[in-house]
>>> print(open('input.pdb').read())   # PDB, N, CA and C atoms
ATOM      1  N   MET C 937     114.936  77.881 111.622
ATOM      2  CA  MET C 937     113.547  77.504 111.696
ATOM      3  C   MET C 937     112.673  78.603 111.103
ATOM      4  N   GLY C 938     111.607  78.196 110.523
ATOM      5  CA  GLY C 938     110.670  79.147 109.947
ATOM      6  C   GLY C 938     109.497  79.385 110.881
ATOM      7  N   ILE C 939     108.576  80.162 110.429
ATOM      8  CA  ILE C 939     107.381  80.463 111.198
ATOM      9  C   ILE C 939     106.403  79.313 111.024
ATOM     10  N   VAL C 940     105.800  78.893 112.121
ATOM     11  CA  VAL C 940     104.807  77.826 112.095
ATOM     12  C   VAL C 940     103.441  78.461 112.298
ATOM     13  N   HIS C 941     102.534  78.167 111.387
ATOM     14  CA  HIS C 941     101.174  78.698 111.495
ATOM     15  C   HIS C 941     100.225  77.564 111.828
ATOM     16  N   ARG C 942      99.354  77.813 112.765
ATOM     17  CA  ARG C 942      98.308  76.847 113.069
ATOM     18  C   ARG C 942      97.207  77.002 112.025
ATOM     19  N   PRO C 943      96.476  75.935 111.731
ATOM     20  CA  PRO C 943      95.385  76.039 110.748
ATOM     21  C   PRO C 943      94.366  77.109 111.098
ATOM     22  N   ASP C 944      94.075  77.275 112.386
ATOM     23  CA  ASP C 944      93.113  78.308 112.791
ATOM     24  C   ASP C 944      93.614  79.703 112.455
ATOM     25  N   ASP C 945      94.924  79.934 112.559
ATOM     26  CA  ASP C 945      95.495  81.243 112.214
ATOM     27  C   ASP C 945      95.273  81.562 110.746
ATOM     28  N   ILE C 946      95.474  80.578 109.905
ATOM     29  CA  ILE C 946      95.300  80.776 108.462
ATOM     30  C   ILE C 946      93.842  81.055 108.140
ATOM     31  N   LEU C 947      92.927  80.298 108.748
ATOM     32  CA  LEU C 947      91.502  80.519 108.503
ATOM     33  C   LEU C 947      91.051  81.874 109.024
ATOM     34  N   ASN C 948      91.559  82.284 110.186
ATOM     35  CA  ASN C 948      91.192  83.593 110.732
ATOM     36  C   ASN C 948      91.672  84.714 109.833
ATOM     37  N   ARG C 949      92.888  84.605 109.282
ATOM     38  CA  ARG C 949      93.397  85.629 108.359
ATOM     39  C   ARG C 949      92.539  85.691 107.113
ATOM     40  N   ARG C 950      92.177  84.539 106.575
ATOM     41  CA  ARG C 950      91.336  84.506 105.378
ATOM     42  C   ARG C 950      89.988  85.163 105.654
ATOM     43  N   ARG C 951      89.404  84.898 106.815
ATOM     44  CA  ARG C 951      88.130  85.524 107.177
ATOM     45  C   ARG C 951      88.280  87.030 107.317
ATOM     46  N   ARG C 952      89.382  87.484 107.951
ATOM     47  CA  ARG C 952      89.616  88.917 108.097
ATOM     48  C   ARG C 952      89.742  89.593 106.743
ATOM     49  N   VAL C 953      90.418  88.940 105.801
ATOM     50  CA  VAL C 953      90.571  89.500 104.460
ATOM     51  C   VAL C 953      89.217  89.573 103.773
ATOM     52  N   GLU C 954      88.417  88.519 103.875
ATOM     53  CA  GLU C 954      87.098  88.519 103.241
ATOM     54  C   GLU C 954      86.194  89.612 103.819
ATOM     55  N   VAL C 955      86.251  89.810 105.120
ATOM     56  CA  VAL C 955      85.441  90.874 105.749
ATOM     57  C   VAL C 955      85.915  92.240 105.279
ATOM     58  N   ALA C 956      87.223  92.423 105.191
ATOM     59  CA  ALA C 956      87.770  93.722 104.779
ATOM     60  C   ALA C 956      87.425  94.045 103.331
ATOM     61  N   LEU C 957      87.272  93.026 102.494
ATOM     62  CA  LEU C 957      87.025  93.243 101.067
ATOM     63  C   LEU C 957      85.581  92.966 100.664
ATOM     64  N   ARG C 958      84.682  92.907 101.608
ATOM     65  CA  ARG C 958      83.301  92.482 101.340
ATOM     66  C   ARG C 958      82.542  93.392 100.384
ATOM     67  N   ASP C 959      82.862  94.670 100.331
ATOM     68  CA  ASP C 959      82.081  95.592  99.517
ATOM     69  C   ASP C 959      82.733  95.935  98.179
ATOM     70  N   LEU C 960      83.702  95.141  97.747
ATOM     71  CA  LEU C 960      84.365  95.380  96.460
ATOM     72  C   LEU C 960      83.837  94.422  95.409
ATOM     73  N   ASN C 961      83.815  94.873  94.163
ATOM     74  CA  ASN C 961      83.378  93.961  93.104
ATOM     75  C   ASN C 961      84.497  92.948  92.826
ATOM     76  N   PRO C 962      84.180  91.832  92.182
ATOM     77  CA  PRO C 962      85.160  90.742  92.027
ATOM     78  C   PRO C 962      86.469  91.130  91.337
ATOM     79  N   GLY C 963      86.433  91.964  90.336
ATOM     80  CA  GLY C 963      87.652  92.363  89.646
ATOM     81  C   GLY C 963      88.585  93.173  90.531
ATOM     82  N   VAL C 964      88.014  94.123  91.246
ATOM     83  CA  VAL C 964      88.802  94.960  92.148
ATOM     84  C   VAL C 964      89.268  94.123  93.342
ATOM     85  N   ARG C 965      88.424  93.218  93.815
ATOM     86  CA  ARG C 965      88.786  92.358  94.946
ATOM     87  C   ARG C 965      90.032  91.538  94.624
ATOM     88  N   GLU C 966      90.101  90.987  93.416
ATOM     89  CA  GLU C 966      91.267  90.191  93.013
ATOM     90  C   GLU C 966      92.526  91.059  92.969
ATOM     91  N   LEU C 967      92.402  92.270  92.450
ATOM     92  CA  LEU C 967      93.527  93.195  92.414
ATOM     93  C   LEU C 967      94.006  93.541  93.826
ATOM     94  N   VAL C 968      93.070  93.821  94.713
ATOM     95  CA  VAL C 968      93.410  94.155  96.095
ATOM     96  C   VAL C 968      94.040  92.957  96.801
ATOM     97  N   LEU C 969      93.525  91.762  96.553
ATOM     98  CA  LEU C 969      94.125  90.556  97.136
ATOM     99  C   LEU C 969      95.572  90.391  96.701
ATOM    100  N   ASN C 970      95.841  90.643  95.429
ATOM    101  CA  ASN C 970      97.217  90.553  94.937
ATOM    102  C   ASN C 970      98.119  91.580  95.626
ATOM    103  N   ILE C 971      97.617  92.791  95.814
ATOM    104  CA  ILE C 971      98.400  93.831  96.485
ATOM    105  C   ILE C 971      98.654  93.444  97.940
ATOM    106  N   VAL C 972      97.619  92.967  98.632
ATOM    107  CA  VAL C 972      97.751  92.605 100.047
ATOM    108  C   VAL C 972      98.692  91.416 100.219
ATOM    109  N   ASN C 973      98.582  90.428  99.337
ATOM    110  CA  ASN C 973      99.428  89.239  99.458
ATOM    111  C   ASN C 973     100.896  89.522  99.183
ATOM    112  N   SER C 974     101.189  90.569  98.428
ATOM    113  CA  SER C 974     102.585  90.927  98.159
ATOM    114  C   SER C 974     102.889  92.294  98.785
ATOM    115  N   TRP C 975     102.475  92.505 100.011
ATOM    116  CA  TRP C 975     102.554  93.794 100.691
ATOM    117  C   TRP C 975     103.999  94.264 100.843
ATOM    118  N   LYS C 976     104.266  95.502 100.414
ATOM    119  CA  LYS C 976     105.601  96.086 100.486
ATOM    120  C   LYS C 976     105.571  97.463 101.145
ATOM    121  N   GLY C 977     104.669  97.670 102.068
ATOM    122  CA  GLY C 977     104.620  98.926 102.814
ATOM    123  C   GLY C 977     104.015 100.079 102.042
ATOM    124  N   SER C 978     104.722 101.205 102.020
ATOM    125  CA  SER C 978     104.162 102.432 101.449
ATOM    126  C   SER C 978     103.930 102.334  99.942
ATOM    127  N   LYS C 979     104.754 101.565  99.226
ATOM    128  CA  LYS C 979     104.533 101.392  97.783
ATOM    129  C   LYS C 979     103.210 100.669  97.533
ATOM    130  N   SER C 980     102.951  99.634  98.306
ATOM    131  CA  SER C 980     101.700  98.898  98.170
ATOM    132  C   SER C 980     100.515  99.753  98.594
ATOM    133  N   MET C 981     100.725 100.614  99.588
ATOM    134  CA  MET C 981      99.651 101.508 100.030
ATOM    135  C   MET C 981      99.252 102.451  98.904
ATOM    136  N   GLU C 982     100.229 102.958  98.170
ATOM    137  CA  GLU C 982      99.928 103.830  97.028
ATOM    138  C   GLU C 982      99.159 103.073  95.951
ATOM    139  N   ASP C 983      99.558 101.839  95.675
ATOM    140  CA  ASP C 983      98.838 101.008  94.699
ATOM    141  C   ASP C 983      97.402 100.772  95.152
ATOM    142  N   LEU C 984      97.238 100.516  96.444
ATOM    143  CA  LEU C 984      95.913 100.271  96.999
ATOM    144  C   LEU C 984      95.038 101.517  96.908
ATOM    145  N   LYS C 985      95.622 102.681  97.165
ATOM    146  CA  LYS C 985      94.873 103.941  97.052
ATOM    147  C   LYS C 985      94.413 104.175  95.620
ATOM    148  N   ARG C 986      95.267 103.863  94.656
ATOM    149  CA  ARG C 986      94.874 104.027  93.248
ATOM    150  C   ARG C 986      93.757 103.057  92.868
ATOM    151  N   ALA C 987      93.761 101.872  93.464
ATOM    152  CA  ALA C 987      92.772 100.855  93.107
ATOM    153  C   ALA C 987      91.397 101.125  93.713
ATOM    154  N   VAL C 988      91.360 101.528  95.002
ATOM    155  CA  VAL C 988      90.062 101.637  95.675
ATOM    156  C   VAL C 988      89.774 102.997  96.283
ATOM    157  N   GLY C 989      90.705 103.914  96.220
ATOM    158  CA  GLY C 989      90.513 105.217  96.834
ATOM    159  C   GLY C 989      91.135 105.263  98.216
ATOM    160  N   GLU C 990      91.383 106.473  98.686
ATOM    161  CA  GLU C 990      92.130 106.641  99.934
ATOM    162  C   GLU C 990      91.372 106.137 101.156
ATOM    163  N   GLU C 991      90.075 106.448 101.251
ATOM    164  CA  GLU C 991      89.315 106.049 102.433
ATOM    165  C   GLU C 991      89.238 104.539 102.577
ATOM    166  N   LYS C 992      88.910 103.842 101.479
ATOM    167  CA  LYS C 992      88.823 102.385 101.542
ATOM    168  C   LYS C 992      90.187 101.753 101.765
ATOM    169  N   ALA C 993      91.227 102.334 101.187
ATOM    170  CA  ALA C 993      92.580 101.802 101.379
ATOM    171  C   ALA C 993      92.969 101.880 102.850
ATOM    172  N   VAL C 994      92.706 103.008 103.482
ATOM    173  CA  VAL C 994      93.032 103.166 104.903
ATOM    174  C   VAL C 994      92.230 102.174 105.735
ATOM    175  N   ARG C 995      90.948 101.995 105.410
ATOM    176  CA  ARG C 995      90.098 101.058 106.155
ATOM    177  C   ARG C 995      90.618  99.631 106.025
ATOM    178  N   ILE C 996      90.989  99.231 104.810
ATOM    179  CA  ILE C 996      91.494  97.877 104.582
ATOM    180  C   ILE C 996      92.788  97.655 105.344
ATOM    181  N   VAL C 997      93.696  98.616 105.295
ATOM    182  CA  VAL C 997      94.986  98.488 105.992
ATOM    183  C   VAL C 997      94.768  98.392 107.493
ATOM    184  N   GLU C 998      93.847  99.179 108.028
ATOM    185  CA  GLU C 998      93.574  99.119 109.463
ATOM    186  C   GLU C 998      92.936  97.795 109.856
ATOM    187  N   GLU C 999      91.982  97.311 109.060
ATOM    188  CA  GLU C 999      91.314  96.052 109.380
ATOM    189  C   GLU C 999      92.271  94.869 109.323
ATOM    190  N   LEU C1000      93.241  94.918 108.422
ATOM    191  CA  LEU C1000      94.180  93.814 108.275
ATOM    192  C   LEU C1000      95.470  94.032 109.059
ATOM    193  N   SER C1001      95.595  95.160 109.723
ATOM    194  CA  SER C1001      96.798  95.493 110.521
ATOM    195  C   SER C1001      98.075  95.361 109.703
ATOM    196  N   LEU C1002      98.077  95.938 108.514
ATOM    197  CA  LEU C1002      99.250  95.880 107.647
ATOM    198  C   LEU C1002     100.192  97.034 107.976
ATOM    199  N   PRO C1003     101.504  96.783 107.962
ATOM    200  CA  PRO C1003     102.462  97.874 108.223
ATOM    201  C   PRO C1003     102.601  98.771 107.008
ATOM    202  N   VAL C1004     102.529 100.073 107.208
ATOM    203  CA  VAL C1004     102.623 101.022 106.102
ATOM    204  C   VAL C1004     104.040 101.575 105.960
ATOM    205  N   ASP C1005     104.759 101.720 107.044
ATOM    206  CA  ASP C1005     106.097 102.309 107.022
ATOM    207  C   ASP C1005     107.162 101.256 106.790
ATOM    208  N   GLN C1006     107.561 101.089 105.538
ATOM    209  CA  GLN C1006     108.636 100.165 105.204
ATOM    210  C   GLN C1006     109.490 100.759 104.137
TER     211      GLN C1006
END
>>> encode(input="input.pdb", output="structure tokens")
Amino acid sequence: MGIVHRPDDILNRRRRVEVALRDLNPGVRELVLNIVNSWKGSKSMEDLKRAVGEEKAVRIVEELSLPVDQ
């Protein structure tokens, strides 16, 4: 069996992502969305730091509760 997601869970995640990325311009936002959607732990964290800087990367990871140690 796979994971079952309720529609509210999906909408809540989308809202959390939009709030976390609210202050980025559209080009950078798309890049960050691609990184977040294909999250691979510390490698993705490094990509995120290069894209938006260390402070914003840490804030985004904390807001989205993404695992860094993989």
>>> resolve_selection(input="input.pdb", expression="the PyMOL selection byres ((chain C and resi 983-995) around 8)", output="MDAnalysis selection string")
chainID C and resid 956 964 967:968 971:972 977:982 996:1001
>>> closest_residue(input="input.pdb", among="C:Arg950, C:Arg958, C:Arg965, C:Lys976", to="Val1004 in chain C", atoms="all atoms listed in the file")
C:Lys976
>>> atom_distance(input="input.pdb", atom1="atom C of Gly963 in chain C", atom2="atom N of Leu1002 in chain C")
20.5 Å
